[in-house]
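Enquirer: model_26.txt is the file, holding compact mmCIF, C-alpha atoms and all ligand atoms:
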```txt
# COMPACT_ATOMS: atom_id res chain seq x y z
CA MET M 1 118.35 102.61 121.93
CA ASN M 2 118.88 98.92 122.74
CA LEU M 3 115.58 97.16 122.15
CA ALA M 4 115.17 93.58 123.45
CA ARG M 5 118.80 92.53 123.35
CA ASP M 6 119.13 91.43 126.95
CA ASN M 7 119.74 87.72 126.29
CA TYR M 8 122.71 85.89 124.75
CA PRO M 9 124.92 89.00 124.78
CA GLU M 10 128.08 87.14 123.66
CA ILE M 11 126.39 85.72 120.55
CA ARG M 12 124.72 89.02 119.75
CA ASP M 13 127.90 91.08 120.14
CA ALA M 14 130.00 88.69 118.05
CA VAL M 15 127.48 88.38 115.21
CA ARG M 16 126.83 92.11 115.22
CA GLN M 17 130.57 92.76 115.06
CA LEU M 18 130.89 90.47 112.04
CA CYS M 19 127.85 92.02 110.36
CA SER M 20 129.27 95.51 110.83
CA GLU M 21 131.95 94.58 108.29
CA PHE M 22 129.16 94.15 105.71
CA ASP M 23 127.58 97.55 105.67
CA SER M 24 124.65 99.06 103.89
CA ALA M 25 126.76 99.75 100.76
CA TYR M 26 127.70 96.05 100.58
CA TRP M 27 124.07 94.88 100.68
CA GLN M 28 122.95 97.56 98.23
CA LYS M 29 125.59 96.52 95.72
CA ILE M 30 124.72 92.83 96.09
CA ASP M 31 121.04 93.67 95.65
CA GLU M 32 121.68 95.86 92.60
CA LYS M 33 123.79 93.18 90.92
CA ARG M 34 121.44 90.39 91.98
CA ALA M 35 124.52 88.64 93.31
CA TYR M 36 124.93 86.11 96.08
CA PRO M 37 126.60 87.56 99.19
CA GLU M 38 129.40 85.03 99.01
CA LYS M 39 131.86 87.01 101.16
CA PHE M 40 129.31 87.43 103.92
CA VAL M 41 128.36 83.75 103.96
CA GLU M 42 132.05 82.83 103.92
CA ALA M 43 132.73 85.08 106.90
CA LEU M 44 129.77 83.61 108.82
CA THR M 45 131.07 80.12 108.04
CA LYS M 46 134.66 80.90 109.06
CA ALA M 47 133.46 82.38 112.33
CA GLY M 48 131.59 79.12 113.02
CA TRP M 49 128.06 80.58 112.95
CA MET M 50 126.91 78.44 110.05
CA SER M 51 127.75 75.30 112.01
CA ALA M 52 126.15 76.52 115.21
CA LEU M 53 123.73 73.59 115.39
CA ILE M 54 126.28 70.87 114.59
CA PRO M 55 127.26 68.95 117.74
CA GLU M 56 130.80 69.53 119.00
CA GLU M 57 131.81 65.91 118.28
CA TYR M 58 131.38 66.69 114.57
CA GLY M 59 133.24 70.00 114.71
CA GLY M 60 130.33 72.39 115.31
CA SER M 61 129.49 74.40 118.39
CA GLY M 62 126.41 72.42 119.47
CA LEU M 63 124.22 75.44 120.13
CA SER M 64 120.46 75.22 120.64
CA LEU M 65 117.86 76.31 118.09
CA THR M 66 117.11 79.30 120.33
CA GLU M 67 120.74 80.41 120.04
CA ALA M 68 120.65 79.82 116.28
CA THR M 69 117.61 82.11 116.06
CA VAL M 70 119.58 84.82 117.85
CA ILE M 71 122.29 84.57 115.17
CA MET M 72 119.70 84.98 112.40
CA GLU M 73 117.95 87.81 114.23
CA GLU M 74 121.21 89.74 114.49
CA VAL M 75 121.85 89.31 110.75
CA THR M 76 118.53 90.90 109.72
CA ARG M 77 118.69 93.41 112.54
CA SER M 78 122.04 94.65 111.30
CA GLY M 79 120.48 95.38 107.89
CA GLY M 80 121.57 92.15 106.20
CA ASN M 81 119.48 89.55 104.40
CA ALA M 82 119.50 86.18 106.14
CA GLY M 83 117.79 84.47 103.19
CA CYS M 84 121.23 83.70 101.78
CA CYS M 85 122.20 81.49 104.69
CA HIS M 86 119.27 80.43 106.88
CA GLY M 87 118.78 77.18 104.90
CA GLN M 88 121.72 75.54 106.56
CA MET M 89 120.22 76.13 109.99
CA TYR M 90 116.86 74.53 109.28
CA ASN M 91 118.07 71.75 107.02
CA MET M 92 120.56 70.84 109.71
CA ASN M 93 117.79 69.77 112.05
CA THR M 94 116.49 67.25 109.54
CA LEU M 95 119.92 65.61 109.33
CA LEU M 96 120.61 65.85 113.07
CA ARG M 97 117.27 64.43 114.17
CA HIS M 98 116.68 61.80 111.52
CA GLY M 99 120.02 61.13 109.80
CA SER M 100 121.96 57.91 110.44
CA PRO M 101 125.27 57.91 112.37
CA ALA M 102 127.05 57.10 109.08
CA GLN M 103 125.46 60.09 107.30
CA LYS M 104 126.37 62.38 110.17
CA LYS M 105 129.95 61.11 110.23
CA LYS M 106 130.30 61.51 106.48
CA TYR M 107 128.81 64.98 106.08
CA LEU M 108 128.71 66.95 109.33
CA PRO M 109 132.47 67.50 109.82
CA LYS M 110 132.74 68.82 106.25
CA ILE M 111 129.73 71.08 106.72
CA ALA M 112 131.28 72.34 109.95
CA THR M 113 134.50 73.38 108.18
CA GLY M 114 132.58 74.97 105.33
CA GLU M 115 133.88 72.51 102.74
CA LEU M 116 130.25 71.56 102.08
CA ARG M 117 127.09 73.62 102.43
CA LEU M 118 123.68 72.16 103.20
CA GLN M 119 121.71 75.21 102.21
CA SER M 120 119.07 73.86 99.88
CA MET M 121 115.76 72.06 100.23
CA GLY M 122 113.54 70.88 97.36
CA VAL M 123 109.98 70.36 98.52
CA THR M 124 107.70 72.69 96.53
CA GLU M 125 106.55 71.64 93.07
CA PRO M 126 104.77 73.72 90.45
CA GLY M 127 101.84 71.32 90.15
CA ALA M 128 101.29 70.62 93.84
CA GLY M 129 101.87 74.05 95.42
CA THR M 130 101.08 74.01 99.10
CA ASP M 131 99.43 70.60 98.81
CA THR M 132 102.74 68.80 99.28
CA THR M 133 101.21 65.33 99.36
CA LYS M 134 100.44 65.74 95.64
CA ILE M 135 104.07 66.00 94.60
CA LYS M 136 104.87 64.20 91.37
CA THR M 137 108.61 63.74 91.84
CA VAL M 138 109.15 60.01 92.15
CA ALA M 139 112.10 58.00 93.50
CA LYS M 140 112.28 54.36 92.41
CA LYS M 141 114.65 51.89 94.03
CA LYS M 142 117.05 50.13 91.66
CA GLY M 143 119.56 47.96 93.49
CA ASP M 144 121.61 50.12 95.82
CA ARG M 145 120.29 53.41 94.40
CA TYR M 146 117.17 55.40 93.89
CA VAL M 147 116.45 56.91 90.50
CA VAL M 148 114.54 60.17 90.72
CA ASN M 149 112.44 61.94 88.10
CA GLY M 150 110.29 65.03 88.46
CA GLN M 151 110.38 68.77 88.94
CA LYS M 152 110.79 71.23 91.79
CA VAL M 153 110.26 74.96 91.95
CA TRP M 154 111.56 77.69 94.25
CA THR M 155 114.51 75.58 95.30
CA SER M 156 116.62 78.22 96.98
CA ARG M 157 120.41 78.51 97.31
CA LEU M 158 120.92 75.41 95.16
CA GLN M 159 123.68 77.08 93.16
CA HIS M 160 125.56 77.90 96.34
CA SER M 161 125.19 74.61 98.10
CA GLU M 162 126.87 71.25 97.68
CA LEU M 163 124.03 69.39 99.39
CA MET M 164 120.26 69.54 99.30
CA ILE M 165 117.40 67.80 101.06
CA LEU M 166 114.99 66.43 98.46
CA LEU M 167 111.45 65.17 99.01
CA ALA M 168 110.14 62.55 96.57
CA ARG M 169 107.37 60.01 96.46
CA THR M 170 108.56 56.42 96.96
CA THR M 171 105.07 54.84 97.09
CA PRO M 172 102.29 56.06 94.76
CA ILE M 173 99.59 58.05 96.55
CA ALA M 174 96.97 55.47 95.47
CA GLU M 175 98.80 52.76 97.43
CA VAL M 176 99.09 54.48 100.83
CA LYS M 177 96.55 54.64 103.65
CA LYS M 178 97.21 58.29 104.39
CA LYS M 179 98.27 60.68 101.63
CA SER M 180 101.07 62.00 103.86
CA GLU M 181 102.67 58.54 103.80
CA GLY M 182 104.88 57.13 101.04
CA MET M 183 107.20 60.12 100.66
CA SER M 184 110.88 59.99 101.53
CA ILE M 185 113.73 62.44 101.92
CA PHE M 186 117.20 62.19 100.48
CA LEU M 187 120.47 63.97 100.97
CA VAL M 188 121.49 64.87 97.43
CA GLU M 189 124.86 66.05 96.19
CA THR M 190 123.88 68.99 94.01
CA LYS M 191 126.56 68.48 91.39
CA SER M 192 125.10 65.04 90.57
CA LYS M 193 124.07 64.32 86.97
CA GLY M 194 120.35 64.66 86.33
CA LEU M 195 119.68 68.08 87.88
CA ASP M 196 118.94 70.92 85.47
CA VAL M 197 118.75 74.19 87.36
CA LYS M 198 117.06 77.33 85.99
CA PRO M 199 117.25 80.48 88.11
CA ILE M 200 114.01 82.38 88.82
CA ARG M 201 114.37 86.16 88.86
CA ASN M 202 112.22 87.41 91.70
CA MET M 203 111.20 90.46 93.72
CA VAL M 204 113.89 89.89 96.32
CA ASN M 205 117.53 89.20 95.61
CA HIS M 206 117.03 85.57 96.57
CA GLU M 207 118.86 82.80 94.75
CA THR M 208 116.05 80.42 93.89
CA ASN M 209 115.43 78.01 91.02
CA ALA M 210 113.23 75.76 88.97
CA VAL M 211 114.81 72.29 88.99
CA PHE M 212 114.21 69.62 86.40
CA ILE M 213 115.13 66.16 87.63
CA ASP M 214 115.92 63.58 84.99
CA ASN M 215 117.14 60.15 86.10
CA LEU M 216 119.00 61.54 89.09
CA GLU M 217 120.74 58.65 90.86
CA ILE M 218 121.00 58.79 94.63
CA PRO M 219 122.79 56.10 96.65
CA ALA M 220 120.22 54.33 98.87
CA ASP M 221 122.45 55.18 101.84
CA ASN M 222 121.54 58.82 101.31
CA MET M 223 117.92 58.32 102.26
CA ILE M 224 117.31 60.09 105.55
CA GLY M 225 115.40 58.02 108.12
CA GLU M 226 112.89 55.40 107.06
CA GLU M 227 111.38 55.07 103.60
CA GLY M 228 107.88 56.53 103.42
CA LYS M 229 108.23 58.74 106.53
CA GLY M 230 109.80 61.72 104.79
CA PHE M 231 106.81 64.04 105.13
CA LYS M 232 106.88 63.66 108.92
CA TYR M 233 110.60 64.50 108.99
CA ILE M 234 110.07 67.48 106.72
CA LEU M 235 107.33 68.82 109.00
CA ASP M 236 109.64 68.52 111.98
CA GLY M 237 112.30 70.47 110.05
CA LEU M 238 109.70 73.02 109.01
CA ASN M 239 109.01 73.82 112.65
CA ALA M 240 112.67 74.80 112.99
CA GLU M 241 112.41 76.78 109.78
CA ARG M 242 109.34 78.66 110.99
CA ILE M 243 110.98 79.56 114.28
CA LEU M 244 114.16 80.74 112.54
CA ILE M 245 112.13 82.82 110.08
CA ALA M 246 110.17 84.29 113.00
CA ALA M 247 113.45 85.43 114.53
CA GLU M 248 114.59 86.93 111.22
CA CYS M 249 111.31 88.85 111.05
CA ILE M 250 111.82 90.05 114.62
CA GLY M 251 115.29 91.28 113.58
CA ASP M 252 113.76 93.05 110.58
CA GLY M 253 111.06 94.51 112.83
CA TYR M 254 113.56 96.05 115.24
CA TRP M 255 115.60 97.32 112.30
CA PHE M 256 112.51 99.07 110.89
CA ILE M 257 111.61 100.54 114.30
CA GLU M 258 115.12 101.80 114.98
CA LYS M 259 115.38 103.23 111.50
CA SER M 260 111.96 104.94 111.85
CA CYS M 261 112.89 106.47 115.21
CA ALA M 262 116.29 107.71 114.01
CA TYR M 263 114.97 109.22 110.77
CA SER M 264 111.90 110.83 112.32
CA LYS M 265 113.99 112.55 114.99
CA GLU M 266 116.32 113.95 112.32
CA ARG M 267 113.90 114.93 109.59
CA VAL M 268 112.62 118.48 110.05
CA VAL M 269 109.43 119.55 108.26
CA PHE M 270 107.24 122.53 109.26
CA ASP M 271 110.16 123.64 111.47
CA ARG M 272 110.12 120.60 113.75
CA PRO M 273 111.25 117.00 113.69
CA ILE M 274 108.50 114.85 112.21
CA ALA M 275 108.87 112.57 115.28
CA GLN M 276 107.17 115.29 117.32
CA ASN M 277 103.91 114.58 115.50
CA GLN M 278 101.82 111.90 117.11
CA GLY M 279 100.69 110.87 113.63
CA ILE M 280 104.29 109.69 113.17
CA GLN M 281 104.92 108.45 116.74
CA PHE M 282 101.85 106.31 117.24
CA PRO M 283 102.27 103.93 114.30
CA ILE M 284 105.90 103.36 115.34
CA ALA M 285 104.83 102.67 118.93
CA GLU M 286 102.10 100.33 117.72
CA ALA M 287 104.49 98.41 115.47
CA TYR M 288 107.00 98.14 118.32
CA MET M 289 104.35 96.60 120.59
CA GLU M 290 103.46 94.01 117.97
CA ILE M 291 107.10 93.05 117.50
CA GLU M 292 107.59 92.69 121.25
CA ALA M 293 104.51 90.46 121.53
CA ALA M 294 105.55 88.28 118.58
CA ASN M 295 109.00 87.95 120.11
CA LEU M 296 107.48 86.24 123.17
CA MET M 297 105.89 83.57 121.00
CA ARG M 298 109.15 83.12 119.09
CA TYR M 299 111.00 82.26 122.33
CA LYS M 300 108.18 80.01 123.52
CA ALA M 301 108.31 78.06 120.26
CA SER M 302 112.11 77.73 120.24
CA ARG M 303 112.16 76.61 123.88
CA LEU M 304 109.64 73.85 123.13
CA PHE M 305 111.64 72.81 120.06
CA ASP M 306 114.87 72.65 122.09
CA GLU M 307 113.08 70.57 124.73
CA LYS M 308 111.99 68.22 121.92
CA LYS M 309 108.34 68.86 122.84
CA PRO M 310 105.52 69.29 120.31
CA CYS M 311 105.74 72.83 118.97
CA GLY M 312 103.79 72.82 115.69
CA ALA M 313 101.20 75.32 116.89
CA GLU M 314 103.74 77.62 118.53
CA ALA M 315 106.14 77.50 115.56
CA ASN M 316 103.30 78.43 113.21
CA MET M 317 102.01 81.17 115.51
CA ALA M 318 105.51 82.60 116.02
CA LYS M 319 106.15 82.73 112.28
CA HIS M 320 102.75 84.25 111.53
CA LEU M 321 102.83 86.87 114.29
CA ALA M 322 106.42 87.86 113.56
CA ALA M 323 105.87 88.06 109.79
CA LYS M 324 102.77 90.21 110.27
CA ALA M 325 104.33 92.45 112.91
CA SER M 326 107.51 93.02 110.91
CA TRP M 327 105.53 93.74 107.75
CA GLU M 328 103.55 96.33 109.68
CA ALA M 329 106.85 97.82 110.92
CA ALA M 330 108.11 97.82 107.33
CA ASN M 331 105.07 99.80 106.19
CA VAL M 332 105.44 102.26 109.04
CA CYS M 333 109.13 102.70 108.26
CA LEU M 334 108.46 103.38 104.59
CA GLN M 335 105.72 105.85 105.45
CA THR M 336 107.91 107.59 108.03
CA HIS M 337 110.62 108.07 105.42
CA GLY M 338 108.17 109.59 102.93
CA GLY M 339 109.69 109.78 99.44
CA PHE M 340 113.15 108.90 100.71
CA GLY M 341 111.83 105.49 101.72
CA PHE M 342 111.83 104.65 98.03
CA ALA M 343 115.46 105.66 97.50
CA ALA M 344 117.74 102.61 97.47
CA GLU M 345 120.43 104.34 99.53
CA TYR M 346 118.23 104.28 102.67
CA ASP M 347 117.88 100.47 102.52
CA VAL M 348 114.21 100.74 103.49
CA GLU M 349 112.83 99.66 100.11
CA ARG M 350 115.22 96.69 99.99
CA LYS M 351 114.36 95.51 103.50
CA PHE M 352 110.67 96.12 102.69
CA ARG M 353 110.90 93.73 99.72
CA GLU M 354 112.95 91.20 101.64
CA ASN M 355 110.53 91.15 104.54
CA ARG M 356 107.39 90.80 102.42
CA LEU M 357 108.44 87.33 101.36
CA TYR M 358 107.78 85.92 104.82
CA LEU M 359 104.01 86.30 104.59
CA VAL M 360 104.15 83.84 101.67
CA ALA M 361 107.17 81.60 102.21
CA PRO M 362 108.11 79.24 103.68
CA ILE M 363 104.42 78.86 104.42
CA SER M 364 101.65 81.22 103.50
CA THR M 365 99.35 82.95 105.94
CA ASN M 366 96.20 81.01 105.05
CA LEU M 367 97.84 77.67 105.60
CA ILE M 368 98.95 78.70 109.09
CA LEU M 369 95.45 79.88 109.94
CA SER M 370 94.01 76.68 108.62
CA TYR M 371 96.50 74.60 110.67
CA LEU M 372 95.45 76.40 113.86
CA ALA M 373 91.75 76.19 113.06
CA GLU M 374 91.91 72.47 112.50
CA HIS M 375 94.63 71.18 114.82
CA VAL M 376 94.33 73.56 117.76
CA LEU M 377 90.72 74.70 117.70
CA GLY M 378 89.21 71.44 116.46
CA LEU M 379 87.29 73.08 113.60
CA PRO M 380 86.35 70.96 110.58
CA ARG M 381 89.02 70.14 108.03
CA SER M 382 88.50 72.21 104.91
CA PHE M 383 90.82 70.47 102.45
C1 LIG J 401 111.56 83.42 97.15
C2 LIG J 401 111.00 82.08 97.49
C3 LIG J 401 111.85 81.11 98.01
C4 LIG J 401 111.37 79.83 98.28
N1 LIG J 401 112.24 78.86 98.70
C5 LIG J 401 111.82 77.56 98.77
C6 LIG J 401 112.75 76.50 99.01
O1 LIG J 401 113.94 76.72 99.21
N2 LIG J 401 112.27 75.21 98.99
C7 LIG J 401 110.96 74.92 98.76
O2 LIG J 401 110.61 73.74 98.75
N3 LIG J 401 110.04 75.92 98.55
C8 LIG J 401 110.44 77.22 98.55
N4 LIG J 401 109.53 78.23 98.31
C9 LIG J 401 108.14 77.89 98.05
C10 LIG J 401 107.18 78.38 99.12
O3 LIG J 401 107.29 77.58 100.27
C11 LIG J 401 105.79 78.38 98.49
O4 LIG J 401 105.78 79.40 97.49
C12 LIG J 401 104.72 78.63 99.49
O5 LIG J 401 104.65 77.56 100.38
C13 LIG J 401 103.36 78.81 98.81
O6 LIG J 401 103.16 77.79 97.86
P1 LIG J 401 102.71 78.16 96.36
O7 LIG J 401 103.58 79.27 95.89
O8 LIG J 401 102.71 76.93 95.54
O9 LIG J 401 101.26 78.71 96.53
P2 LIG J 401 99.88 77.94 96.25
O10 LIG J 401 99.84 76.65 96.99
O11 LIG J 401 99.64 77.95 94.80
O12 LIG J 401 98.86 78.94 96.95
C14 LIG J 401 98.56 80.24 96.40
C15 LIG J 401 97.77 81.03 97.43
O13 LIG J 401 96.56 80.33 97.71
C16 LIG J 401 96.44 80.09 99.10
N5 LIG J 401 95.77 78.80 99.31
C17 LIG J 401 96.06 77.59 98.74
N6 LIG J 401 95.23 76.64 99.21
C18 LIG J 401 94.39 77.26 100.09
C19 LIG J 401 93.32 76.81 100.91
N7 LIG J 401 92.93 75.53 100.93
N8 LIG J 401 92.68 77.72 101.68
C20 LIG J 401 93.06 79.02 101.68
N9 LIG J 401 94.07 79.49 100.92
C21 LIG J 401 94.73 78.62 100.15
C22 LIG J 401 97.84 80.10 99.64
O14 LIG J 401 97.86 80.45 101.01
C23 LIG J 401 98.51 81.15 98.76
O15 LIG J 401 98.28 82.42 99.30
C24 LIG J 401 109.99 79.53 98.08
C25 LIG J 401 109.12 80.53 97.60
C26 LIG J 401 109.63 81.79 97.30
C27 LIG J 401 108.68 82.82 96.75
```
Could you write out this file's structure as structure tokens?
Ligand SMILES: Cc1cc2nc3c(=O)[nH]c(=O)nc-3n(C[C@H](O)[C@H](O)[C@H](O)COP(=O)(O)OP(=O)(O)OC[C@H]3O[C@@H](n4cnc5c(N)ncnc54)[C@H](O)[C@@H]3O)c2cc1C
Expert:
Amino acid sequence: MNLARDNYPEIRDAVRQLCSEFDSAYWQKIDEKRAYPEKFVEALTKAGWMSALIPEEYGGSGLSLTEATVIMEEVTRSGGNAGCCHGQMYNMNTLLRHGSPAQKKKYLPKIATGELRLQSMGVTEPGAGTDTTKIKTVAKKKGDRYVVNGQKVWTSRLQHSELMILLARTTPIAEVKKKSEGMSIFLVETKSKGLDVKPIRNMVNHETNAVFIDNLEIPADNMIGEEGKGFKYILDGLNAERILIAAECIGDGYWFIEKSCAYSKERVVFDRPIAQNQGIQFPIAEAYMEIEAANLMRYKASRLFDEKKPCGAEANMAKHLAAKASWEAANVCLQTHGGFGFAAEYDVERKFRENRLYLVAPISTNLILSYLAEHVLGLPRSF
């Protein structure tokens, strides 16, 4: 069975080949120990996949976002968890599109070689939640630096990244015309003094943290783009993130479908393979259809992004459709496996947990629906 793999065969074959060296036993062990898949990320970096989006002049391979999504899709489709490494792909766009030539020259070549990782992004705060404009982390200019104080939550991969993108308020909300103004983004070296990192144990094996920021000093040169425009840049980066996550969900979805088909053909109950029962076949067929449909929107969104055209609606729709379709496929896969779906050695329960995250993060379902209702359908703003 070779479902929807007819584009970018060279990328797919190479990534799949690399992933085959990190088998189910590897991911199970990492999950059991709640460890970071350092060897896997190192191998991806050495092979150049983690610098896919970096232009060739800085030592990367200058691939498009669409090609980057294919890399991520193959990781989840091979049974791996892309949550350990996708940050670099979406953070990269923020630096590439809005960073200064000096910032690019300083950091990109080192990211390309793997000396530095740009895996982390600190946007979410415990007090503000999804209402990002209410963030309380403040950056105040003092001479040639900014001094930052505040708190972030769910800052992922921070302990395995030398660099992070940090969003902070540079003008108080009371002094801006629009609440989305007055926030800025910074490229922060994560070993800087002033960052206290506390890991959050969570449902998935996902390295994520609460971060307490106390007089963190950032050179003013490390502000990305213009002061006060950070929210706009973050949103642009979030479109890339949504499209990449959509592709990861598509990879998960195909993994669940393939796994369901293989197991149901093998498992014999009442003297016949369970796959012979339409009660087993139909949900798999239904889930497959949904994945295929979501995949179309994923490519539409990534094409628009690569053409530098507005793609907010498509990126949101792709992420939503793919997260829903893959979650449906996850449910079907678990059901098809019966009791064995709960046994760690089948990987289904691990992938089930990993996939569930994407209905909540990086943006939750309701917020996507509300974006479409307001910005595409012209319905009244509700918050
Ligand atoms: C494992 C993990 C990793 C993460 N990694 C990162 C990261 O690296 N960097 C980062 O910045 N963030 C990260 N996040 C945060 C993530 O983006 C947020 O959890 C997510 O956006 C939801 O925000 P919240 O948890 O504050 O939910 P809340 O804003 O508290 O919302 C709770 C629920 O209420 C709903 N809701 C809220 N307002 C409305 C409304 N007006 N109408 C209808 N429904 C509403 C939401 O949809 C949600 O379902 C991560 C989260 C997790 C769980």
Enquirer: Which is closer to Ile257 in chain M than all the others in M:Asp214, M:Ala174, M:Ile245, M:Arg77, using only C-alpha atoms?
Expert: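 The answer is M:Arg77, which sits nearest to Ile257 in chain M.
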Enquirer: Skip range 15-23 of chain M itself and residues of its chain fewer than 3 positions away, then list as a VMD selection string all residues within 7 Å of it, counting only C-alpha atoms.
Expert: chain M and resid 11 to 12 26 to 27 40 71 74 to 75 78
Enquirer: Could you check which of M:Gly143, M:Pro199, M:Gly99, M:Pro37 is closest to Ile218 in chain M, using only C-alpha atoms?
Expert: M:Gly143
Enquirer: For Arg157 in chain M, which residue among M:Phe186, M:Ile111, M:Ala220, M:Gly83 is the nearest when counting all atoms listed in the file?
Expert: M:Gly83
Enquirer: Any idea what the distance is between CA of Gly225 in chain M and CA of Thr69 in chain M?
Expert: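 Distance reported for this atom pair: 25.5 Å.
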Enquirer: Could you give me, as JSON, numbers by chain, every polymer residue with an atom at most 9 Å away from an atom of ligand LIG 401 (chain J), counting all atoms listed in the file?
Expert: {"M": [83, 87, 119, 120, 121, 122, 123, 124, 125, 126, 127, 128, 129, 130, 131, 132, 152, 153, 154, 155, 156, 157, 158, 166, 167, 200, 202, 203, 204, 205, 206, 207, 208, 209, 357, 358, 359, 360, 361, 362, 363, 364, 365, 366, 367, 368, 369, 370, 382, 383]}
